[in-house]
Every structure is written in structure tokens, then in C-alpha cells.
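J.: First the structure, which I've put down as C-alpha cells, then a few questions once you've had a look.
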Amino acid sequence: MSRPVRPTNGRMIGGVCAALAQRFGTSATTMRVIFLLSCLLPGPQFLLYIALWILLPSEDKATRTAW
């Protein structure tokens, strides 16, 4: 299992939903709908999105720093 990375293609804002969609084998649109629906519930969804945006490396940076 490889580490998820934010793809350079298919991004809307930060590529977090696209990265999670690749990781779980679903479409990016489905992941975006799930995220938007989760925003109706109380919780730190936006903070989690921002944290993942910071923590997940971009695809181009991940390939450059690979061993």
C-alpha cells in the first residue's frame, strides 16, 4: 500500500478529495459529494481538509523526493 499523494491532474481546490478517491478506489466526484454532505454534520471537516492539504505531498514533489 503506497502513501496517498495529491494528484497534479483532477484537482478542484487542493487535490485532497482526488487523493482520497485514489486511495479508496472511487471517483473524485463521489468523494467531493461525501465531503459536502459531511459538512452538514457538526465537526471539524474544514480543519481536517486543511490539515490533509498540508500533510499530503503533491504528486510532483513526491516523485522528486523518491529514493
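The chains in the C-alpha cells are called A, B, ... from first to last as shown; in each chain the residues are counted from 1, and the ligands are counted from 1 in the order shown.
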Please list as a compact mmCIF listing (two decimals) with C-alpha atoms, in the first residue's frame every residue within 9 Å of segment 48-53 of chain A, counting only C-alpha atoms and excluding residues in the same chain fewer than 2 positions away.
T.:
# COMPACT_ATOMS: atom_id res chain seq x y z
CA ARG A 6 -2.37 14.83 -4.18
CA GLY A 14 -6.17 21.31 -3.16
CA GLY A 15 -6.47 17.80 -4.53
CA VAL A 16 -7.35 16.25 -1.18
CA CYS A 17 -10.60 14.65 -2.37
CA PRO A 44 -14.04 19.80 12.12
CA GLN A 45 -14.36 18.87 8.42
CA PHE A 46 -12.74 22.04 7.10
CA LEU A 55 0.29 16.90 5.15
CA LEU A 56 -0.29 15.11 1.84
CA PRO A 57 2.55 15.78 -0.58
CA SER A 58 1.86 16.87 -4.12
J.: Excluding Thr30 of chain A and residues on its chain fewer than 3 positions from it, collect all residues at most 10 Å away from it, counting only C-alpha atoms, and give them as a ChimeraX atom specification.
T.: /A:17-18,21,26-27,33-36
J.: Just give me the gap between atom CA of Asn9 of chain A and atom CA of Gly25 of chain A in Å, one decimal is fine.
T.: 16.3 Å
J.: Work out how far atom CA of Phe24 of chain A is from atom CA of Lys61 of chain A, in Å to one decimal.
T.: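 Rounded to one decimal, the two atoms are 21.5 Å apart.
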J.: Please indicate the distance in Å from atom CA of Arg23 of chain A to atom CA of Val5 of chain A, rounded to one decimal place.
T.: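 Pair atom CA of Arg23 of chain A / atom CA of Val5 of chain A returns 8.8 Å.
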J.: As a count of residues only, please: all residues of chain A that backbone DSSP puts in helix (DSSP H, G or I).
T.: 37
